[in-house]
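A.B. asks: Structure in structure tokens, see below.
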Amino acid sequence: MSKRSLVEGVLSLLDIEDIEKLKAEYYNGDESKLSFDESQNEVERVAMLAEWLDSINWKFLEEFKIEIYDGTKYKIKFCD
């Protein structure tokens, strides 16, 4: 399973309107972040998420973090 497929699978289990922040961390220490505003509707969030996921350099992704508004955090760590 590809890194992107795994991340998208986990995201599909969550309600996108519950997600506050996403972070992609690369092996070289670089990061890419996406934050949602609570006022954004599902359509806006889905569009932003799709664009952001397309911008990730999946080959060099080391960790993917998800933070929910209630404070719950998820982390996927990839070991190549």
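If you're wondering about the labels, chains in the structure tokens are A, B, ... by order shown, residues count from 1 in each chain, ligands from 1 in order shown.
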With DSSP run on the backbone, what are the strand (DSSP E or B) residues within chain A? I'd like them as a list in words.

C.D. replies: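 After running DSSP on the backbone, chain A has strand (DSSP E or B) at Ile19, Glu20, Lys21, Leu22, Lys23, Ala24, Glu25, Tyr26, Glu31, Ser32, Lys33, Leu34, Ser35, Leu61, Glu62, Glu63, Phe64, Lys65, Ile66, Glu67, Ile68, Lys73, Tyr74, Lys75, Ile76 and Lys77 of chain A.
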
A.B. asks: Please run DSSP on the backbone and report, as a ChimeraX atom specification, all residues within chain A that come out as helix (DSSP H, G or I).

C.D. replies: /A:3-12,16-18,42-55,58-60

A.B. asks: Just to confirm, what's the straight-line distance from atom CA of Trp58 of chain A to atom CA of Asp15 of chain A in Å (one decimal)?

C.D. replies: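 We find that atom CA of Trp58 of chain A and atom CA of Asp15 of chain A lie 23.0 Å from each other.
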
A.B. asks: From the list A:Asp37, A:Glu44, A:Asp54, A:Glu20, which residue is nearest Glu67 of chain A when using only C-alpha atoms?

C.D. replies: A:Glu20

A.B. asks: Mind checking which residues fall within 10 Å of Ser35 of chain A, counting only C-alpha atoms, ignoring those fewer than 4 positions away in the same chain, and posting them as JSON, numbers by chain?

C.D. replies: {"A": [19, 20, 21, 22, 23, 45, 48, 49, 67]}

A.B. asks: So which residues touch segment 73-75 of chain A within 9 Å, counting only C-alpha atoms, skipping near sequence neighbours fewer than 5 positions away, as a ChimeraX atom specification?

C.D. replies: /A:63-68

A.B. asks: For those residues, write N, CA and C atoms to a file as a PDB file, in the first residue's frame.

C.D. replies:
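Okay, this is what ended up in again32.pdb:
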ATOM      1  N   GLU A  63       6.463  11.274   8.449  1.00  0.00           N
ATOM      2  CA  GLU A  63       5.344  11.216   9.388  1.00  0.00           C
ATOM      3  C   GLU A  63       4.181  12.043   8.860  1.00  0.00           C
ATOM      4  N   PHE A  64       2.995  11.595   9.200  1.00  0.00           N
ATOM      5  CA  PHE A  64       1.780  12.336   8.865  1.00  0.00           C
ATOM      6  C   PHE A  64       0.971  12.453  10.145  1.00  0.00           C
ATOM      7  N   LYS A  65       0.616  13.682  10.522  1.00  0.00           N
ATOM      8  CA  LYS A  65      -0.093  13.904  11.785  1.00  0.00           C
ATOM      9  C   LYS A  65      -1.447  14.553  11.517  1.00  0.00           C
ATOM     10  N   ILE A  66      -2.428  14.118  12.304  1.00  0.00           N
ATOM     11  CA  ILE A  66      -3.791  14.635  12.209  1.00  0.00           C
ATOM     12  C   ILE A  66      -4.201  15.074  13.607  1.00  0.00           C
ATOM     13  N   GLU A  67      -4.767  16.287  13.718  1.00  0.00           N
ATOM     14  CA  GLU A  67      -5.267  16.762  15.001  1.00  0.00           C
ATOM     15  C   GLU A  67      -6.742  17.128  14.843  1.00  0.00           C
ATOM     16  N   ILE A  68      -7.548  16.601  15.757  1.00  0.00           N
ATOM     17  CA  ILE A  68      -8.988  16.823  15.760  1.00  0.00           C
ATOM     18  C   ILE A  68      -9.292  17.965  16.738  1.00  0.00           C
TER      19      ILE A  68
END

A.B. asks: Just give me the gap between atom CA of Phe36 of chain A and atom CA of Cys79 of chain A in Å, one decimal is fine.

C.D. replies: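 Atom CA of Phe36 of chain A sits 28.0 Å away from atom CA of Cys79 of chain A.
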
A.B. asks: Report, in Å to a single decimal, how far apart atom CA of Lys33 of chain A and atom CA of Ile16 of chain A are.

C.D. replies: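 Spanning atom CA of Ile16 of chain A to atom CA of Lys33 of chain A is a straight-line distance of 15.5 Å.
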